[in-house]
$ cat run_37.cif   # mmCIF, C-alpha atoms and all ligand atoms
data_run
loop_
_atom_site.label_atom_id
_atom_site.label_comp_id
_atom_site.auth_asym_id
_atom_site.auth_seq_id
_atom_site.Cartn_x
_atom_site.Cartn_y
_atom_site.Cartn_z
CA MET A 1 26.17 6.15 14.55
CA ALA A 2 22.99 4.42 13.41
CA ASP A 3 22.51 0.75 14.19
CA VAL A 4 20.30 0.49 11.13
CA ALA A 5 19.93 2.54 7.94
CA VAL A 6 16.62 2.40 6.12
CA VAL A 7 16.65 3.34 2.44
CA GLY A 8 13.25 4.74 1.48
CA ALA A 9 11.07 7.03 3.59
CA GLY A 10 7.71 5.76 2.34
CA LEU A 11 5.16 4.17 4.67
CA ILE A 12 7.11 0.89 4.65
CA GLY A 13 10.43 2.56 5.48
CA LEU A 14 8.83 4.87 8.05
CA GLY A 15 6.93 1.97 9.61
CA VAL A 16 10.11 -0.11 9.88
CA ALA A 17 12.04 2.85 11.33
CA TYR A 18 9.25 3.53 13.82
CA GLU A 19 9.07 -0.07 15.02
CA LEU A 20 12.86 -0.33 15.31
CA ALA A 21 13.07 2.98 17.20
CA LYS A 22 10.39 1.77 19.63
CA ARG A 23 12.72 -1.15 20.34
CA ASP A 24 15.60 1.25 21.08
CA VAL A 25 17.44 0.80 17.80
CA ALA A 26 19.20 3.92 16.46
CA VAL A 27 17.79 4.44 12.95
CA THR A 28 18.64 6.78 10.09
CA VAL A 29 16.31 6.94 7.08
CA PHE A 30 17.74 7.93 3.69
CA ASP A 31 15.65 9.09 0.74
CA ARG A 32 16.07 11.17 -2.37
CA ASP A 33 12.64 12.74 -1.86
CA GLU A 34 10.67 14.12 1.08
CA PRO A 35 9.39 11.46 3.49
CA ALA A 36 6.06 9.79 2.70
CA ARG A 37 5.90 10.88 -0.92
CA ALA A 38 5.88 8.58 -3.99
CA ALA A 39 3.40 5.70 -3.78
CA SER A 40 2.75 6.32 -0.08
CA TRP A 41 1.32 9.72 -0.95
CA ALA A 42 -0.25 8.67 -4.25
CA GLY A 43 -2.20 5.65 -2.99
CA ALA A 44 -5.85 5.63 -2.02
CA GLY A 45 -5.29 4.00 1.37
CA MET A 46 -7.66 1.10 0.77
CA LEU A 47 -7.34 -1.67 3.31
CA ALA A 48 -9.16 -4.25 1.24
CA PRO A 49 -7.60 -7.74 1.34
CA PHE A 50 -10.71 -9.46 -0.04
CA SER A 51 -11.57 -7.04 -2.82
CA GLU A 52 -7.96 -6.95 -4.00
CA GLU A 53 -8.22 -10.66 -4.97
CA LEU A 54 -4.71 -11.46 -3.80
CA PRO A 55 -2.48 -13.95 -5.61
CA ASP A 56 -2.29 -16.66 -2.95
CA ALA A 57 -3.19 -17.76 0.58
CA ALA A 58 0.10 -16.65 2.14
CA MET A 59 -0.40 -13.13 0.84
CA LEU A 60 -4.04 -13.15 1.96
CA ALA A 61 -3.04 -14.21 5.48
CA LEU A 62 -0.36 -11.50 5.65
CA CYS A 63 -2.80 -8.82 4.48
CA ARG A 64 -5.53 -9.96 6.89
CA GLU A 65 -3.14 -9.91 9.81
CA SER A 66 -1.98 -6.42 8.90
CA LEU A 67 -5.59 -5.22 8.59
CA ALA A 68 -6.25 -6.57 12.09
CA MET A 69 -3.24 -4.58 13.38
CA TYR A 70 -4.45 -1.31 11.87
CA PRO A 71 -6.64 0.13 14.67
CA VAL A 72 -3.88 -0.23 17.29
CA PHE A 73 -1.20 0.92 14.83
CA VAL A 74 -3.07 4.11 13.90
CA GLU A 75 -3.91 4.86 17.53
CA ASP A 76 -0.35 4.26 18.70
CA VAL A 77 1.05 6.54 15.99
CA ARG A 78 -1.62 9.16 16.77
CA GLU A 79 -0.65 9.16 20.44
CA ARG A 80 3.00 9.80 19.61
CA SER A 81 2.43 12.28 16.78
CA GLY A 82 -0.88 14.03 17.47
CA VAL A 83 -1.93 13.25 13.87
CA ASP A 84 -5.02 11.11 13.31
CA ALA A 85 -4.71 9.07 10.11
CA ARG A 86 -8.49 8.67 9.95
CA LEU A 87 -9.03 4.94 9.81
CA ARG A 88 -12.57 4.39 8.48
CA ARG A 89 -14.25 1.03 8.56
CA ASP A 90 -17.16 1.65 6.19
CA GLY A 91 -16.72 -1.45 4.03
CA THR A 92 -16.58 -1.92 0.28
CA LEU A 93 -19.38 -1.96 -2.28
CA HIS A 94 -18.80 -3.78 -5.58
CA ILE A 95 -21.37 -2.43 -7.98
CA ALA A 96 -23.00 -4.33 -10.84
CA LEU A 97 -24.60 -2.15 -13.49
CA ASP A 98 -26.37 -5.08 -15.19
CA ASP A 99 -27.62 -8.57 -14.38
CA ALA A 100 -24.77 -10.38 -16.11
CA ARG A 101 -22.24 -8.53 -13.95
CA LEU A 102 -24.36 -9.18 -10.85
CA ALA A 103 -24.21 -12.93 -11.52
CA ASP A 104 -20.46 -12.64 -11.96
CA LEU A 105 -20.16 -10.64 -8.73
CA ALA A 106 -22.06 -13.35 -6.86
CA VAL A 107 -19.26 -15.78 -7.77
CA HIS A 108 -16.62 -13.31 -6.57
CA ALA A 109 -18.67 -12.78 -3.38
CA GLU A 110 -18.33 -16.50 -2.59
CA MET A 111 -14.58 -16.20 -2.93
CA TYR A 112 -14.47 -13.13 -0.67
CA ARG A 113 -16.53 -15.06 1.91
CA ARG A 114 -14.23 -18.11 1.76
CA ASN A 115 -11.29 -15.76 2.23
CA GLY A 116 -12.82 -14.24 5.39
CA GLY A 117 -14.87 -11.35 4.01
CA GLU A 118 -18.14 -10.46 5.73
CA VAL A 119 -20.18 -10.40 2.55
CA THR A 120 -23.79 -9.45 1.77
CA MET A 121 -25.55 -9.26 -1.59
CA LEU A 122 -27.56 -6.03 -1.84
CA GLY A 123 -30.42 -5.14 -4.17
CA ARG A 124 -30.74 -1.79 -5.92
CA GLY A 125 -32.91 -0.21 -3.21
CA ASP A 126 -30.51 -1.11 -0.41
CA VAL A 127 -27.51 0.14 -2.36
CA LEU A 128 -29.14 3.47 -3.17
CA ALA A 129 -30.33 3.91 0.40
CA ARG A 130 -26.68 3.66 1.49
CA GLU A 131 -25.15 5.62 -1.37
CA PRO A 132 -27.69 7.91 -3.07
CA LEU A 133 -25.15 9.27 -5.58
CA LEU A 134 -24.79 5.93 -7.33
CA ALA A 135 -26.49 5.11 -10.66
CA LYS A 136 -30.25 4.83 -10.19
CA ASP A 137 -30.50 1.87 -12.57
CA LEU A 138 -27.71 -0.26 -11.11
CA ALA A 139 -28.51 -3.97 -10.80
CA GLY A 140 -27.16 -4.61 -7.30
CA ALA A 141 -23.96 -4.91 -5.31
CA VAL A 142 -21.77 -7.06 -3.14
CA PHE A 143 -20.96 -5.42 0.20
CA VAL A 144 -17.81 -6.46 2.08
CA ALA A 145 -18.26 -5.07 5.59
CA ASN A 146 -14.82 -5.82 7.05
CA GLU A 147 -12.72 -3.66 4.76
CA ALA A 148 -11.50 -0.16 5.56
CA GLN A 149 -9.52 2.83 4.41
CA VAL A 150 -6.92 5.08 5.96
CA ASP A 151 -5.86 8.56 4.83
CA ASN A 152 -2.38 7.59 3.67
CA ARG A 153 -1.15 11.19 3.38
CA ARG A 154 -2.10 11.83 7.00
CA LEU A 155 -0.58 8.49 7.99
CA GLY A 156 2.69 9.55 6.34
CA ARG A 157 2.75 12.80 8.32
CA ALA A 158 1.82 10.93 11.50
CA LEU A 159 4.53 8.30 11.09
CA LEU A 160 7.16 10.91 10.27
CA ALA A 161 6.33 12.89 13.43
CA ALA A 162 6.19 9.70 15.50
CA CYS A 163 9.61 8.64 14.17
CA GLU A 164 11.06 12.07 14.94
CA SER A 165 9.67 11.92 18.46
CA LEU A 166 11.63 8.70 18.93
CA GLY A 167 14.87 10.18 17.62
CA VAL A 168 14.89 8.67 14.12
CA ARG A 169 17.12 10.77 11.87
CA PHE A 170 16.29 11.63 8.26
CA LYS A 171 18.78 12.32 5.48
CA ARG A 172 17.66 13.62 2.11
CA VAL A 173 20.33 12.66 -0.40
CA ALA A 174 20.62 12.77 -4.17
CA ASP A 175 22.65 9.57 -4.56
CA ILE A 176 22.50 6.48 -2.40
CA ALA A 177 24.58 3.33 -2.87
CA LEU A 178 25.09 0.25 -0.75
CA ASP A 179 28.70 -0.41 0.22
CA CYS A 180 29.60 -4.03 0.90
CA ASP A 181 32.37 -6.57 0.63
CA ALA A 182 31.85 -10.08 -0.71
CA ARG A 183 30.22 -11.24 2.53
CA ARG A 184 28.53 -8.38 4.29
CA VAL A 185 27.25 -4.80 4.30
CA ARG A 186 29.74 -2.09 5.30
CA GLY A 187 27.50 0.96 5.03
CA LEU A 188 25.96 3.44 2.62
CA ARG A 189 27.59 5.90 0.28
CA THR A 190 25.91 9.19 -0.61
CA GLN A 191 27.16 12.39 -2.21
CA HIS A 192 28.17 13.42 1.31
CA GLY A 193 30.48 10.45 1.78
CA PHE A 194 30.47 7.11 3.55
CA THR A 195 28.17 6.20 6.47
CA PRO A 196 29.27 3.01 8.21
CA VAL A 197 26.33 0.84 9.28
CA GLY A 198 25.92 -2.86 9.92
CA THR A 199 22.33 -3.29 8.73
CA VAL A 200 20.65 -1.68 5.73
CA VAL A 201 16.93 -2.18 5.10
CA ASN A 202 15.98 -1.56 1.49
CA ALA A 203 12.44 -0.13 1.59
CA ALA A 204 12.75 1.86 -1.61
CA GLY A 205 9.41 0.82 -3.12
CA ALA A 206 9.38 0.83 -6.91
CA TRP A 207 13.10 1.76 -6.84
CA ALA A 208 14.11 -1.14 -4.58
CA GLY A 209 15.56 -3.14 -7.46
CA GLU A 210 17.68 -0.20 -8.60
CA LEU A 211 19.71 0.53 -5.46
CA ASP A 212 23.31 1.11 -6.56
CA GLY A 213 26.01 -1.11 -5.15
CA VAL A 214 23.74 -4.12 -4.51
CA PRO A 215 25.37 -7.31 -5.84
CA ASP A 216 23.34 -8.92 -8.63
CA ASP A 217 22.72 -12.13 -6.71
CA VAL A 218 20.78 -10.31 -3.96
CA ARG A 219 19.02 -7.78 -6.19
CA ILE A 220 15.22 -8.16 -6.04
CA PRO A 221 13.16 -8.01 -9.24
CA VAL A 222 10.84 -5.09 -8.42
CA ARG A 223 9.33 -3.13 -11.32
CA PRO A 224 7.26 0.08 -11.39
CA VAL A 225 3.53 -0.16 -12.24
CA ALA A 226 2.05 3.31 -12.58
CA GLY A 227 -1.34 4.17 -11.12
CA GLU A 228 -3.06 7.39 -12.19
CA MET A 229 -5.70 8.99 -9.98
CA LEU A 230 -7.91 12.02 -9.66
CA ALA A 231 -10.00 13.65 -6.95
CA ILE A 232 -13.46 15.19 -7.19
CA ALA A 233 -14.72 17.73 -4.64
CA LEU A 234 -18.01 16.59 -3.11
CA PRO A 235 -20.01 17.83 -0.12
CA ARG A 236 -18.63 16.10 2.99
CA LYS A 237 -20.19 12.71 3.75
CA ALA A 238 -21.88 12.56 0.32
CA MET A 239 -20.43 9.03 0.03
CA ARG A 240 -19.30 6.62 2.73
CA ALA A 241 -18.20 3.22 1.42
CA LEU A 242 -15.36 2.35 -0.90
CA VAL A 243 -17.04 1.73 -4.25
CA TRP A 244 -15.59 -0.60 -6.89
CA LEU A 245 -16.62 -0.93 -10.49
CA GLY A 246 -14.49 -3.66 -12.03
CA HIS A 247 -10.87 -2.61 -11.53
CA ARG A 248 -11.65 1.05 -10.77
CA TYR A 249 -12.66 2.44 -7.39
CA LEU A 250 -14.00 5.50 -5.59
CA VAL A 251 -12.67 6.35 -2.13
CA PRO A 252 -14.51 9.05 -0.14
CA ARG A 253 -12.32 11.06 2.23
CA ASP A 254 -13.46 12.86 5.39
CA ASP A 255 -12.69 16.26 3.84
CA GLY A 256 -15.20 15.62 1.03
CA ARG A 257 -12.71 14.70 -1.69
CA LEU A 258 -13.66 11.61 -3.63
CA LEU A 259 -10.58 9.80 -4.92
CA VAL A 260 -10.98 7.91 -8.19
CA GLY A 261 -8.38 5.29 -9.02
CA ALA A 262 -6.49 3.77 -10.47
CA THR A 263 -4.97 2.75 -13.75
CA ALA A 264 -2.22 0.12 -13.85
CA VAL A 265 0.32 0.85 -16.57
CA GLU A 266 3.84 -0.47 -17.06
CA ARG A 267 5.94 2.21 -18.72
CA ASP A 268 9.17 2.25 -16.69
CA PHE A 269 9.54 5.07 -14.13
CA ASP A 270 7.05 7.34 -15.88
CA ALA A 271 4.55 8.80 -13.39
CA ARG A 272 2.75 11.20 -15.72
CA VAL A 273 -1.02 11.55 -15.69
CA THR A 274 -2.17 10.89 -19.25
CA THR A 275 -5.34 11.93 -21.03
CA ALA A 276 -6.11 8.25 -21.63
CA GLY A 277 -5.72 7.54 -17.92
CA LEU A 278 -8.07 10.34 -16.90
CA HIS A 279 -10.56 9.30 -19.57
CA ASP A 280 -10.55 5.76 -18.25
CA LEU A 281 -11.06 6.87 -14.62
CA LEU A 282 -13.80 9.38 -15.41
CA ASP A 283 -15.57 6.84 -17.60
CA ALA A 284 -15.78 4.41 -14.68
CA ALA A 285 -16.69 7.10 -12.14
CA LEU A 286 -19.52 8.49 -14.24
CA ALA A 287 -20.84 5.04 -15.12
CA VAL A 288 -21.18 4.09 -11.45
CA ALA A 289 -22.25 7.56 -10.25
CA PRO A 290 -23.59 9.76 -13.08
CA ALA A 291 -24.40 12.44 -10.47
CA LEU A 292 -20.65 13.18 -10.26
CA ALA A 293 -20.86 14.93 -13.64
CA GLY A 294 -21.60 18.31 -12.06
CA PHE A 295 -18.68 18.35 -9.60
CA ALA A 296 -15.16 19.70 -10.00
CA VAL A 297 -12.01 17.66 -10.55
CA VAL A 298 -9.63 19.20 -8.02
CA GLU A 299 -6.50 17.11 -8.32
CA THR A 300 -4.81 14.59 -10.60
CA TRP A 301 -1.67 12.60 -9.78
CA ALA A 302 0.10 9.32 -10.33
CA GLY A 303 2.35 7.01 -8.36
CA LEU A 304 4.49 3.95 -9.01
CA ARG A 305 3.53 0.68 -7.37
CA PRO A 306 6.38 -1.75 -6.69
CA GLY A 307 5.37 -4.86 -8.67
CA THR A 308 7.00 -8.30 -8.28
CA PRO A 309 6.85 -11.42 -10.48
CA ASP A 310 4.61 -13.40 -8.09
CA GLY A 311 2.65 -10.52 -6.55
CA ARG A 312 4.23 -10.94 -3.12
CA PRO A 313 6.60 -8.54 -1.39
CA TYR A 314 10.20 -9.44 -0.57
CA LEU A 315 10.66 -9.39 3.20
CA GLY A 316 13.73 -10.33 5.16
CA ALA A 317 17.38 -11.18 5.08
CA THR A 318 19.39 -11.84 1.94
CA ALA A 319 22.53 -13.85 1.25
CA LEU A 320 24.50 -10.65 1.91
CA GLU A 321 24.89 -10.33 5.66
CA GLY A 322 23.31 -7.13 6.99
CA TYR A 323 21.30 -6.47 3.81
CA VAL A 324 17.57 -6.77 4.51
CA VAL A 325 14.74 -6.05 2.08
CA ALA A 326 11.19 -4.83 2.70
CA ALA A 327 9.85 -3.99 -0.74
CA GLY A 328 7.60 -5.09 -3.59
CA HIS A 329 4.25 -4.62 -1.85
CA PHE A 330 2.60 -3.78 -5.20
CA ARG A 331 -1.05 -2.72 -4.55
CA ASN A 332 -0.95 -3.33 -0.82
CA GLY A 333 1.90 -1.32 0.66
CA ILE A 334 -0.31 0.85 2.82
CA LEU A 335 -2.25 -2.16 4.07
CA LEU A 336 0.96 -4.08 4.77
CA ALA A 337 2.88 -1.30 6.54
CA PRO A 338 2.09 -2.44 10.13
CA ILE A 339 2.89 -6.13 9.63
CA THR A 340 6.00 -5.36 7.56
CA ALA A 341 7.28 -3.07 10.30
CA ARG A 342 6.74 -5.73 12.94
CA LEU A 343 8.26 -8.61 10.95
CA ILE A 344 11.33 -6.65 9.89
CA ALA A 345 11.88 -5.40 13.46
CA ASP A 346 11.50 -8.99 14.75
CA LEU A 347 14.17 -10.05 12.29
CA VAL A 348 16.60 -7.18 12.86
CA VAL A 349 16.29 -7.03 16.65
CA ASP A 350 15.67 -10.66 17.62
CA GLY A 351 16.76 -12.62 14.55
CA ARG A 352 13.24 -14.04 14.26
CA ASP A 353 12.23 -14.88 10.69
CA ALA A 354 9.63 -17.60 11.22
CA ALA A 355 6.81 -15.77 9.42
CA LEU A 356 8.87 -14.67 6.45
CA GLY A 357 9.18 -17.97 4.53
CA PRO A 358 6.70 -17.31 1.69
CA PHE A 359 8.05 -13.79 1.32
CA ALA A 360 11.74 -14.63 1.61
CA ALA A 361 14.02 -12.37 -0.35
CA THR A 362 15.90 -15.49 -1.38
CA ARG A 363 12.96 -17.15 -3.21
CA THR A 364 13.19 -17.61 -6.95
CA ALA A 365 11.83 -14.87 -9.18
CA ALA A 366 8.71 -16.83 -10.16
CA GLY A 367 8.01 -18.01 -6.61
CA PRO A 368 5.59 -20.71 -5.49
CA ARG A 369 1.92 -20.28 -6.26
CA SER A 370 0.69 -23.32 -4.39
CA MET A 371 -2.16 -22.09 -2.19
CA VAL A 372 -4.34 -20.08 -4.50
CA ALA A 373 -6.52 -17.57 -2.65
CA ASN A 374 -8.36 -16.09 -5.58
CA GLU A 375 -9.35 -19.24 -7.35
CA ILE A 376 -12.97 -18.98 -8.44
CA ALA A 377 -14.62 -22.33 -7.98
N1 LIG B 401 -4.40 -0.56 -3.86
C1 LIG B 401 -5.02 -0.06 -5.02
C2 LIG B 401 -4.15 0.23 -6.14
O1 LIG B 401 -2.96 -0.02 -6.08
O2 LIG B 401 -4.63 0.71 -7.13
#
$ encode --input "run_37.cif" --output "structure tokens" --more "lines below"
Ligand code: GLY
Amino acid sequence: MADVAVVGAGLIGLGVAYELAKRDVAVTVFDRDEPARAASWAGAGMLAPFSEELPDAAMLALCRESLAMYPVFVEDVRERSGVDARLRRDGTLHIALDDARLADLAVHAEMYRRNGGEVTMLGRGDVLAREPLLAKDLAGAVFVANEAQVDNRRLGRALLAACESLGVRFKRVADIALDCDARRVRGLRTQHGFTPVGTVVNAAGAWAGELDGVPDDVRIPVRPVAGEMLAIALPRKAMRALVWLGHRYLVPRDDGRLLVGATAVERDFDARVTTAGLHDLLDAALAVAPALAGFAVVETWAGLRPGTPDGRPYLGATALEGYVVAAGHFRNGILLAPITARLIADLVVDGRDAALGPFAATRTAAGPRSMVANEIA
């Protein structure tokens, strides 16, 4: 019998299962889909806590700590799985196409610096020397050196194999419901029957607020926010840095694909790729790099981010004994996978919850917004 059941086999659920299994906990992961699909597969893998302009200082600190864990995390998972998730630390370029935007970017650059970003302002010549495919008439850029990317699809495969090597079991089920009495968790119910288990970790991403059987008073308010994306086939190494233009971004992968993302649309659990979404993405991509016009679009897809009212995830115990949540990571689930895994394992194995305060599952829906990280002075 499992000591712990994890609901959701995305990068958060896999990371939690992996960390628990390393600490000799027997874990079973339940999902309706294949492991590491949904947002974990759809994301761009940006590890960009400064560029993301996070909602507050607690969230910034959590994201920075998780970024710092990434090299060891990826290497550890690679050693156990044989799959390299391709962590790349090439930094982020925020492009200004005109002088007004460059002045605006300079203000944002100050904020990134205050938040811990290693920031440089670059003129047109320097930008084009680094990234020759970008618009020849751009005005300049802000470069954030200490941001990175990981290939999230590879990381999903790596974590799955690493979990399997540690004996984590996976169950693909059509229906999942929590079973509890008034005080505590009793187990999970699926179409195959009842699985008794003392601890259930809800890591169901955008679906975390929908888990059947969860009493209303411990249900977390997570909502889906769709992100549409596309990929363009480029010669390998034609671009290196993450490139942002406003809210859109380009992410060059080692295999030559250039990911272009992402829209942010709230339309329930609808993960279609729309013509308007593609138009929006291509508009931004061609504005920042007109040279992309001659290359092929090789893939389009969409995923559902798990949004929360205050922009922070819900991490930790609830008022229902044995029911733990690790969900609502919104735009930063891939970045936050290592720290989430560690904090949830600390809680489940050792009862330690010291770091979870600002992210407590028991906070009110609106949550505190005291220490503002993205305030522009
Ligand atoms: N992390 C980028 C996005 O969610 O679009």
$ residues_near_ligand --input "run_37.cif" --ligand "ligand LIG 401 (chain B)" --cutoff "10 Å" --atoms "only C-alpha atoms and all ligand atoms" --output "PyMOL selection string"
chain A and resi 39+42-49+51-52+225-229+247-249+260-264+303-307+329-335
$ write_last_selection --input "run_37.cif" --atoms "C-alpha atoms" --output "PDB file, in the frame of the given file"
ATOM      1  CA  ALA A  39       3.400   5.700  -3.780  1.00  0.00           C
ATOM      2  CA  ALA A  42      -0.250   8.670  -4.250  1.00  0.00           C
ATOM      3  CA  GLY A  43      -2.200   5.650  -2.990  1.00  0.00           C
ATOM      4  CA  ALA A  44      -5.850   5.630  -2.020  1.00  0.00           C
ATOM      5  CA  GLY A  45      -5.290   4.000   1.370  1.00  0.00           C
ATOM      6  CA  MET A  46      -7.660   1.100   0.770  1.00  0.00           C
ATOM      7  CA  LEU A  47      -7.340  -1.670   3.310  1.00  0.00           C
ATOM      8  CA  ALA A  48      -9.160  -4.250   1.240  1.00  0.00           C
ATOM      9  CA  PRO A  49      -7.600  -7.740   1.340  1.00  0.00           C
ATOM     10  CA  SER A  51     -11.570  -7.040  -2.820  1.00  0.00           C
ATOM     11  CA  GLU A  52      -7.960  -6.950  -4.000  1.00  0.00           C
ATOM     12  CA  VAL A 225       3.530  -0.160 -12.240  1.00  0.00           C
ATOM     13  CA  ALA A 226       2.050   3.310 -12.580  1.00  0.00           C
ATOM     14  CA  GLY A 227      -1.340   4.170 -11.120  1.00  0.00           C
ATOM     15  CA  GLU A 228      -3.060   7.390 -12.190  1.00  0.00           C
ATOM     16  CA  MET A 229      -5.700   8.990  -9.980  1.00  0.00           C
ATOM     17  CA  HIS A 247     -10.870  -2.610 -11.530  1.00  0.00           C
ATOM     18  CA  ARG A 248     -11.650   1.050 -10.770  1.00  0.00           C
ATOM     19  CA  TYR A 249     -12.660   2.440  -7.390  1.00  0.00           C
ATOM     20  CA  VAL A 260     -10.980   7.910  -8.190  1.00  0.00           C
ATOM     21  CA  GLY A 261      -8.380   5.290  -9.020  1.00  0.00           C
ATOM     22  CA  ALA A 262      -6.490   3.770 -10.470  1.00  0.00           C
ATOM     23  CA  THR A 263      -4.970   2.750 -13.750  1.00  0.00           C
ATOM     24  CA  ALA A 264      -2.220   0.120 -13.850  1.00  0.00           C
ATOM     25  CA  GLY A 303       2.350   7.010  -8.360  1.00  0.00           C
ATOM     26  CA  LEU A 304       4.490   3.950  -9.010  1.00  0.00           C
ATOM     27  CA  ARG A 305       3.530   0.680  -7.370  1.00  0.00           C
ATOM     28  CA  PRO A 306       6.380  -1.750  -6.690  1.00  0.00           C
ATOM     29  CA  GLY A 307       5.370  -4.860  -8.670  1.00  0.00           C
ATOM     30  CA  HIS A 329       4.250  -4.620  -1.850  1.00  0.00           C
ATOM     31  CA  PHE A 330       2.600  -3.780  -5.200  1.00  0.00           C
ATOM     32  CA  ARG A 331      -1.050  -2.720  -4.550  1.00  0.00           C
ATOM     33  CA  ASN A 332      -0.950  -3.330  -0.820  1.00  0.00           C
ATOM     34  CA  GLY A 333       1.900  -1.320   0.660  1.00  0.00           C
ATOM     35  CA  ILE A 334      -0.310   0.850   2.820  1.00  0.00           C
ATOM     36  CA  LEU A 335      -2.250  -2.160   4.070  1.00  0.00           C
TER      37      LEU A 335
END
$ residues_around --input "run_37.cif" --residues "A:Ala233" --least-positions-apart "6" --cutoff "9 Å" --atoms "only C-alpha atoms" --output "list in words"
Asp255, Gly256, Arg257, Leu258, Leu259, Phe295, Ala296, Val297 and Val298 of chain A
$ closest_atom_pairs --input "run_37.cif" --of "stretch 79-188 of chain A" --to "stretch 1-24 of chain A" --cutoff "7 Å" --atoms "only C-alpha atoms" --output "tab-separated table"
residue	atom	partner	partner_atom	distance
A:Gly156	CA	A:Leu11	CA	6.2
A:Leu159	CA	A:Leu14	CA	6.3
A:Leu160	CA	A:Leu14	CA	6.6
A:Cys163	CA	A:Tyr18	CA	5.1
A:Leu166	CA	A:Ala21	CA	6.1
A:Val168	CA	A:Ala21	CA	6.7
$ atom_distance --input "run_37.cif" --atom1 "atom CA of A:Ala100" --atom2 "atom CA of A:Val144"
19.9 Å
$ atom_distance --input "run_37.cif" --atom1 "atom CA of A:Val201" --atom2 "atom CA of A:Val325"
5.4 Å
$ atom_distance --input "run_37.cif" --atom1 "atom CA of A:Leu138" --atom2 "atom CA of A:Met111"
22.2 Å
$ residues_around --input "run_37.cif" --residues "A:Gly82" --least-positions-apart "6" --cutoff "10 Å" --atoms "only C-alpha atoms" --output "list in words"
Glu75, Asp76, Arg157, Ala158, Ala161 and Ala162 of chain A
$ closest_residue --input "run_37.cif" --among "A:Glu147, A:Asp137, A:Asp310, A:Glu131" --to "A:Val119" --atoms "all atoms listed in the file"
A:Glu147
$ closest_residue --input "run_37.cif" --among "A:Leu230, A:Pro309, A:Leu250, A:Leu155" --to "A:Val273" --atoms "only C-alpha atoms"
A:Leu230
$ residues_around --input "run_37.cif" --residues "stretch 189-196 of chain A" --least-positions-apart "4" --cutoff "8 Å" --atoms "only C-alpha atoms" --output "JSON, numbers by chain"
{"A": [1, 173, 174, 175, 176, 177, 178, 179]}
$ closest_residue --input "run_37.cif" --among "A:Thr340, A:Ser66, A:Gln149, A:Asn202" --to "A:Ile220" --atoms "all atoms listed in the file"
A:Asn202
$ closest_residue --input "run_37.cif" --among "A:Ala57, A:Val127, A:Ala341, A:Ala68" --to "A:Arg114" --atoms "all atoms listed in the file"
A:Ala57
$ closest_residue --input "run_37.cif" --among "A:Ala284, A:Cys63, A:Ala208, A:Val72" --to "A:Gly246" --atoms "only C-alpha atoms"
A:Ala284
$ closest_residue --input "run_37.cif" --among "A:Asp56, A:Asp84, A:Asp104, A:Glu34" --to "A:Asn152" --atoms "all atoms listed in the file"
A:Asp84
$ residues_near_point --input "run_37.cif" --point "(-20.8, -7.0, -12.4)" --cutoff "12 Å" --atoms "all atoms listed in the file" --output "PyMOL selection string"
chain A and resi 93-109+138-142+244-247+288
